[in-house]
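Novice: For reference, this is coords_7.csv, and it has CSV, C-alpha atoms.
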```csv
chain,number,residue,atom,x,y,z
P,1,MET,CA,-86.4,-4.9,-30.5
P,2,LYS,CA,-86.2,-1.9,-32.9
P,3,VAL,CA,-88.8,0.9,-32.8
P,4,THR,CA,-88.7,3.9,-35.1
P,5,VAL,CA,-90.3,7.1,-34.0
P,6,LYS,CA,-90.9,9.7,-36.7
P,7,VAL,CA,-91.5,13.3,-35.4
P,8,THR,CA,-92.8,15.8,-37.9
P,9,LEU,CA,-93.9,19.4,-37.6
P,10,LYS,CA,-97.7,19.8,-37.7
P,11,ASN,CA,-99.2,21.3,-40.8
P,12,GLY,CA,-99.2,25.1,-40.6
P,13,VAL,CA,-96.2,25.3,-38.4
P,14,LEU,CA,-93.5,27.3,-40.0
P,15,ASP,CA,-90.4,25.2,-40.9
P,16,PRO,CA,-87.4,27.4,-41.6
P,17,GLN,CA,-85.1,24.4,-41.9
P,18,GLY,CA,-87.3,23.0,-44.6
P,19,LYS,CA,-87.5,26.3,-46.4
P,20,ALA,CA,-83.7,26.5,-46.3
P,21,ILE,CA,-83.4,23.0,-47.9
P,22,SER,CA,-85.9,24.0,-50.6
P,23,HIS,CA,-84.0,27.2,-51.5
P,24,ALA,CA,-80.7,25.4,-51.5
P,25,LEU,CA,-82.0,22.7,-53.8
P,26,HIS,CA,-83.3,25.4,-56.2
P,27,SER,CA,-79.9,27.1,-56.1
P,28,LEU,CA,-78.3,23.8,-57.1
P,29,GLY,CA,-80.6,23.6,-60.1
P,30,PHE,CA,-83.3,21.2,-58.8
P,31,ASP,CA,-86.2,23.2,-60.0
P,32,GLY,CA,-88.8,20.4,-59.6
P,33,VAL,CA,-88.8,20.8,-55.8
P,34,ASN,CA,-92.0,22.6,-54.7
P,35,ASP,CA,-91.6,22.2,-50.9
P,36,ALA,CA,-89.4,20.5,-48.3
P,37,ARG,CA,-90.1,19.8,-44.7
P,38,GLN,CA,-87.7,18.4,-42.2
P,39,GLY,CA,-88.5,16.1,-39.4
P,40,LYS,CA,-86.7,13.8,-36.9
P,41,MET,CA,-86.3,10.1,-36.9
P,42,ILE,CA,-85.4,8.4,-33.7
P,43,GLU,CA,-84.4,4.7,-33.7
P,44,LEU,CA,-84.8,3.1,-30.4
P,45,ASP,CA,-83.5,-0.3,-29.3
P,46,VAL,CA,-85.9,-1.4,-26.6
P,47,ALA,CA,-86.3,-4.5,-24.5
P,48,GLU,CA,-88.5,-7.3,-25.8
P,49,GLY,CA,-92.1,-6.9,-24.7
P,50,THR,CA,-92.1,-3.1,-24.7
P,51,THR,CA,-95.6,-2.0,-25.6
P,52,GLU,CA,-96.7,0.7,-28.0
P,53,ASP,CA,-98.2,2.4,-25.1
P,54,GLN,CA,-94.8,2.7,-23.4
P,55,VAL,CA,-93.3,4.2,-26.5
P,56,LYS,CA,-96.2,6.6,-26.8
P,57,GLN,CA,-95.4,7.7,-23.2
P,58,MET,CA,-91.8,8.3,-24.3
P,59,CYS,CA,-93.0,10.5,-27.2
P,60,GLU,CA,-95.3,12.5,-25.1
P,61,LYS,CA,-92.8,13.1,-22.3
P,62,LEU,CA,-89.6,13.6,-24.2
P,63,LEU,CA,-89.3,12.9,-27.9
P,64,ALA,CA,-92.0,15.1,-29.4
P,65,ASN,CA,-93.3,18.6,-28.5
P,66,THR,CA,-96.9,17.8,-29.0
P,67,VAL,CA,-97.9,21.4,-29.2
P,68,ILE,CA,-96.2,21.8,-32.6
P,69,GLU,CA,-95.2,18.2,-33.6
P,70,ASP,CA,-96.9,15.0,-34.6
P,71,TYR,CA,-95.3,11.6,-34.0
P,72,GLN,CA,-95.6,8.2,-35.6
P,73,ILE,CA,-94.5,4.9,-34.0
P,74,GLU,CA,-93.3,2.0,-36.1
P,75,PHE,CA,-92.3,-1.3,-34.7
P,76,ALA,CA,-89.8,-3.2,-36.9
P,77,ALA,CA,-91.3,-6.4,-38.3
I,1,MET,CA,-95.4,13.9,-55.7
I,2,LYS,CA,-94.1,13.2,-52.2
I,3,VAL,CA,-90.7,11.7,-51.6
I,4,THR,CA,-89.3,10.9,-48.2
I,5,VAL,CA,-85.5,10.9,-47.6
I,6,LYS,CA,-84.3,9.3,-44.4
I,7,VAL,CA,-80.8,10.3,-43.4
I,8,THR,CA,-79.1,8.2,-40.7
I,9,LEU,CA,-75.7,8.2,-39.2
I,10,LYS,CA,-73.5,5.3,-40.4
I,11,ASN,CA,-72.9,2.5,-37.9
I,12,GLY,CA,-69.9,3.2,-35.8
I,13,VAL,CA,-70.3,7.0,-36.0
I,14,LEU,CA,-70.7,8.5,-32.6
I,15,ASP,CA,-74.2,9.9,-32.0
I,16,PRO,CA,-74.2,12.3,-29.0
I,17,GLN,CA,-77.7,13.4,-29.7
I,18,GLY,CA,-78.9,9.7,-29.6
I,19,LYS,CA,-76.9,9.2,-26.4
I,20,ALA,CA,-78.6,12.2,-24.8
I,21,ILE,CA,-82.0,10.8,-25.7
I,22,SER,CA,-81.2,7.4,-24.3
I,23,HIS,CA,-79.9,9.0,-21.0
I,24,ALA,CA,-83.0,11.2,-20.7
I,25,LEU,CA,-85.3,8.3,-21.2
I,26,HIS,CA,-83.5,6.4,-18.5
I,27,SER,CA,-83.9,9.4,-16.2
I,28,LEU,CA,-87.6,9.4,-16.9
I,29,GLY,CA,-87.8,5.8,-15.8
I,30,PHE,CA,-87.9,4.0,-19.2
I,31,ASP,CA,-85.3,1.4,-18.3
I,32,GLY,CA,-86.1,-0.9,-21.3
I,33,VAL,CA,-84.2,1.4,-23.7
I,34,ASN,CA,-80.9,0.0,-24.7
I,35,ASP,CA,-79.9,2.5,-27.3
I,36,ALA,CA,-81.2,5.4,-29.3
I,37,ARG,CA,-80.0,7.0,-32.5
I,38,GLN,CA,-81.3,10.1,-34.1
I,39,GLY,CA,-81.6,10.7,-37.8
I,40,LYS,CA,-83.3,13.2,-40.1
I,41,MET,CA,-86.3,12.8,-42.2
I,42,ILE,CA,-86.8,15.1,-45.1
I,43,GLU,CA,-90.2,15.2,-46.9
I,44,LEU,CA,-89.9,16.6,-50.4
I,45,ASP,CA,-92.8,17.7,-52.6
I,46,VAL,CA,-91.4,17.3,-56.1
I,47,ALA,CA,-92.8,17.7,-59.6
I,48,GLU,CA,-94.4,14.7,-61.2
I,49,GLY,CA,-91.9,12.7,-63.2
I,50,THR,CA,-88.9,13.3,-60.9
I,51,THR,CA,-86.8,10.2,-61.0
I,52,GLU,CA,-85.1,8.4,-58.2
I,53,ASP,CA,-81.8,9.3,-59.8
I,54,GLN,CA,-82.6,13.0,-59.4
I,55,VAL,CA,-83.5,12.6,-55.8
I,56,LYS,CA,-80.2,10.6,-55.3
I,57,GLN,CA,-78.4,13.6,-56.7
I,58,MET,CA,-80.1,15.9,-54.2
I,59,CYS,CA,-79.0,13.5,-51.4
I,60,GLU,CA,-75.4,13.4,-52.6
I,61,LYS,CA,-75.1,17.1,-53.2
I,62,LEU,CA,-77.0,18.5,-50.2
I,63,LEU,CA,-79.2,16.4,-48.0
I,64,ALA,CA,-76.7,13.9,-46.7
I,65,ASN,CA,-73.0,14.0,-45.7
I,66,THR,CA,-72.1,10.7,-47.3
I,67,VAL,CA,-68.9,10.5,-45.4
I,68,ILE,CA,-70.7,9.8,-42.1
I,69,GLU,CA,-74.4,9.4,-43.2
I,70,ASP,CA,-76.5,6.9,-45.1
I,71,TYR,CA,-79.7,7.8,-46.9
I,72,GLN,CA,-82.8,6.0,-48.0
I,73,ILE,CA,-85.2,7.2,-50.6
I,74,GLU,CA,-88.9,6.4,-50.4
I,75,PHE,CA,-91.5,7.4,-53.0
I,76,ALA,CA,-95.0,7.7,-51.6
I,77,ALA,CA,-97.3,5.1,-53.2
```
How would this structure read if it were set down as structure tokens?

Specialist:
Amino acid sequence: MKVTVKVTLKNGVLDPQGKAISHALHSLGFDGVNDARQGKMIELDVAEGTTEDQVKQMCEKLLANTVIEDYQIEFAA
Amino acid sequence: MKVTVKVTLKNGVLDPQGKAISHALHSLGFDGVNDARQGKMIELDVAEGTTEDQVKQMCEKLLANTVIEDYQIEFAA
């Protein structure tokens, strides 16, 4: 069973990687870019019957730093 | 306008970061995890009227290494 976890920086947390992307896109001539933020996407292949609660535990314990990051869990249909 | 670009490693490309996540989850007692792969998620704030073709150009030129990575473009509804 596939589960996708999206980890993004919370609003207000400085994102130097995103800033670098934004600047680089401008340098390449893409002037329409106002902002860029980079996050992580973790695709897990888990055993059938794994609950959302278990995946939440994984996020809290390992995948996301909840002080500065938010996470979203999506089970594949 | 918000556009999300998901960059993932192509199938068959070794993903040490994903392997590390998978091992760490096992060490924490999450035995139901068969595999993990890590990708990037880039959230762009672009000017209204930016076309999918322009975002594709950004991916090809900067955001993804198309030799080893795939990308997916999603416009926010």

Novice: Both chains have the same sequence, so superpose chain P on chain I over all Cα atoms paired in order and return it as an mmCIF file with C-alpha atoms, in the coordinates of the input.

Specialist:
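Once written, out.cif looks like this:
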```cif
data_model
loop_
_atom_site.group_PDB
_atom_site.id
_atom_site.type_symbol
_atom_site.label_atom_id
_atom_site.label_comp_id
_atom_site.auth_asym_id
_atom_site.auth_seq_id
_atom_site.Cartn_x
_atom_site.Cartn_y
_atom_site.Cartn_z
ATOM 1 C CA MET P 1 -95.442 13.903 -55.731
ATOM 2 C CA LYS P 2 -94.154 13.157 -52.184
ATOM 3 C CA VAL P 3 -90.668 11.701 -51.602
ATOM 4 C CA THR P 4 -89.291 10.937 -48.164
ATOM 5 C CA VAL P 5 -85.585 10.933 -47.638
ATOM 6 C CA LYS P 6 -84.338 9.312 -44.441
ATOM 7 C CA VAL P 7 -80.728 10.279 -43.417
ATOM 8 C CA THR P 8 -79.139 8.215 -40.696
ATOM 9 C CA LEU P 9 -75.681 8.191 -39.177
ATOM 10 C CA LYS P 10 -73.559 5.247 -40.375
ATOM 11 C CA ASN P 11 -72.887 2.486 -37.918
ATOM 12 C CA GLY P 12 -69.850 3.294 -35.773
ATOM 13 C CA VAL P 13 -70.285 6.987 -35.988
ATOM 14 C CA LEU P 14 -70.676 8.487 -32.605
ATOM 15 C CA ASP P 15 -74.177 9.978 -32.013
ATOM 16 C CA PRO P 16 -74.203 12.288 -29.014
ATOM 17 C CA GLN P 17 -77.777 13.355 -29.697
ATOM 18 C CA GLY P 18 -78.864 9.765 -29.538
ATOM 19 C CA LYS P 19 -76.910 9.124 -26.385
ATOM 20 C CA ALA P 20 -78.566 12.176 -24.826
ATOM 21 C CA ILE P 21 -82.070 10.814 -25.701
ATOM 22 C CA SER P 22 -81.143 7.425 -24.219
ATOM 23 C CA HIS P 23 -79.933 8.941 -20.917
ATOM 24 C CA ALA P 24 -82.942 11.183 -20.689
ATOM 25 C CA LEU P 25 -85.321 8.299 -21.232
ATOM 26 C CA HIS P 26 -83.536 6.332 -18.460
ATOM 27 C CA SER P 27 -83.829 9.345 -16.159
ATOM 28 C CA LEU P 28 -87.573 9.391 -16.814
ATOM 29 C CA GLY P 29 -87.796 5.761 -15.765
ATOM 30 C CA PHE P 30 -87.835 4.008 -19.181
ATOM 31 C CA ASP P 31 -85.340 1.392 -18.297
ATOM 32 C CA GLY P 32 -86.095 -0.897 -21.289
ATOM 33 C CA VAL P 33 -84.280 1.462 -23.685
ATOM 34 C CA ASN P 34 -80.884 -0.040 -24.636
ATOM 35 C CA ASP P 35 -79.886 2.485 -27.354
ATOM 36 C CA ALA P 36 -81.252 5.453 -29.307
ATOM 37 C CA ARG P 37 -80.031 6.948 -32.503
ATOM 38 C CA GLN P 38 -81.301 10.066 -34.126
ATOM 39 C CA GLY P 39 -81.593 10.712 -37.769
ATOM 40 C CA LYS P 40 -83.271 13.201 -40.171
ATOM 41 C CA MET P 41 -86.346 12.843 -42.236
ATOM 42 C CA ILE P 42 -86.841 15.161 -45.121
ATOM 43 C CA GLU P 43 -90.209 15.270 -46.948
ATOM 44 C CA LEU P 44 -89.954 16.655 -50.358
ATOM 45 C CA ASP P 45 -92.798 17.713 -52.648
ATOM 46 C CA VAL P 46 -91.417 17.271 -56.135
ATOM 47 C CA ALA P 47 -92.804 17.663 -59.614
ATOM 48 C CA GLU P 48 -94.427 14.663 -61.268
ATOM 49 C CA GLY P 49 -91.926 12.596 -63.219
ATOM 50 C CA THR P 50 -88.968 13.283 -60.935
ATOM 51 C CA THR P 51 -86.763 10.218 -61.038
ATOM 52 C CA GLU P 52 -85.075 8.406 -58.187
ATOM 53 C CA ASP P 53 -81.874 9.292 -59.772
ATOM 54 C CA GLN P 54 -82.623 13.014 -59.422
ATOM 55 C CA VAL P 55 -83.413 12.587 -55.775
ATOM 56 C CA LYS P 56 -80.251 10.584 -55.275
ATOM 57 C CA GLN P 57 -78.359 13.572 -56.794
ATOM 58 C CA MET P 58 -80.081 15.819 -54.242
ATOM 59 C CA CYS P 59 -78.932 13.539 -51.384
ATOM 60 C CA GLU P 60 -75.423 13.375 -52.551
ATOM 61 C CA LYS P 61 -75.066 17.113 -53.141
ATOM 62 C CA LEU P 62 -76.987 18.550 -50.253
ATOM 63 C CA LEU P 63 -79.143 16.430 -47.988
ATOM 64 C CA ALA P 64 -76.709 13.825 -46.696
ATOM 65 C CA ASN P 65 -72.994 13.988 -45.733
ATOM 66 C CA THR P 66 -72.062 10.742 -47.295
ATOM 67 C CA VAL P 67 -68.851 10.495 -45.390
ATOM 68 C CA ILE P 68 -70.714 9.844 -42.116
ATOM 69 C CA GLU P 69 -74.399 9.369 -43.189
ATOM 70 C CA ASP P 70 -76.458 6.866 -45.093
ATOM 71 C CA TYR P 71 -79.647 7.857 -46.918
ATOM 72 C CA GLN P 72 -82.781 6.046 -47.970
ATOM 73 C CA ILE P 73 -85.252 7.268 -50.627
ATOM 74 C CA GLU P 74 -88.926 6.413 -50.437
ATOM 75 C CA PHE P 75 -91.428 7.437 -52.995
ATOM 76 C CA ALA P 76 -94.995 7.714 -51.619
ATOM 77 C CA ALA P 77 -97.310 5.126 -53.166
#
```

Novice: Return as a PyMOL selection string the residues belonging to chain P that are within 6 Å of chain I, counting all atoms listed in the file.

Specialist: chain P and resi 32-47

Novice: For a test of reading the model, state the distance in Å between CA of Gln17 (chain P) and CA of Gln17 (chain I), rounded to one decimal.

Specialist: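 Taking CA of Gln17 (chain P) as the start and CA of Gln17 (chain I) as the end point, the length is 18.0 Å.
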
Novice: Report the distance between CA of Glu69 (chain I) and CA of Lys10 (chain I) in Å, rounded to one decimal place.

Specialist: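 Result for CA of Glu69 (chain I) versus CA of Lys10 (chain I): 5.0 Å, one decimal.
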
Novice: What is the distance between CA of Asp70 (chain I) and CA of Asn11 (chain I), in Å to one decimal?

Specialist: 9.2 Å

Novice: Using only C-alpha atoms, which residue out of P:His23, P:Lys56, P:Thr51, P:Tyr71 lies closest to Leu9 (chain P)?

Specialist: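 Of all the options, P:Tyr71 lies closest to Leu9 (chain P).
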
Novice: Given only C-alpha atoms as the basis, pick out the residue of P:Asp53, P:Ala20, P:His26, P:Glu60 nearest to Phe75 (chain P).

Specialist: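 Of all the options, P:Asp53 lies closest to Phe75 (chain P).
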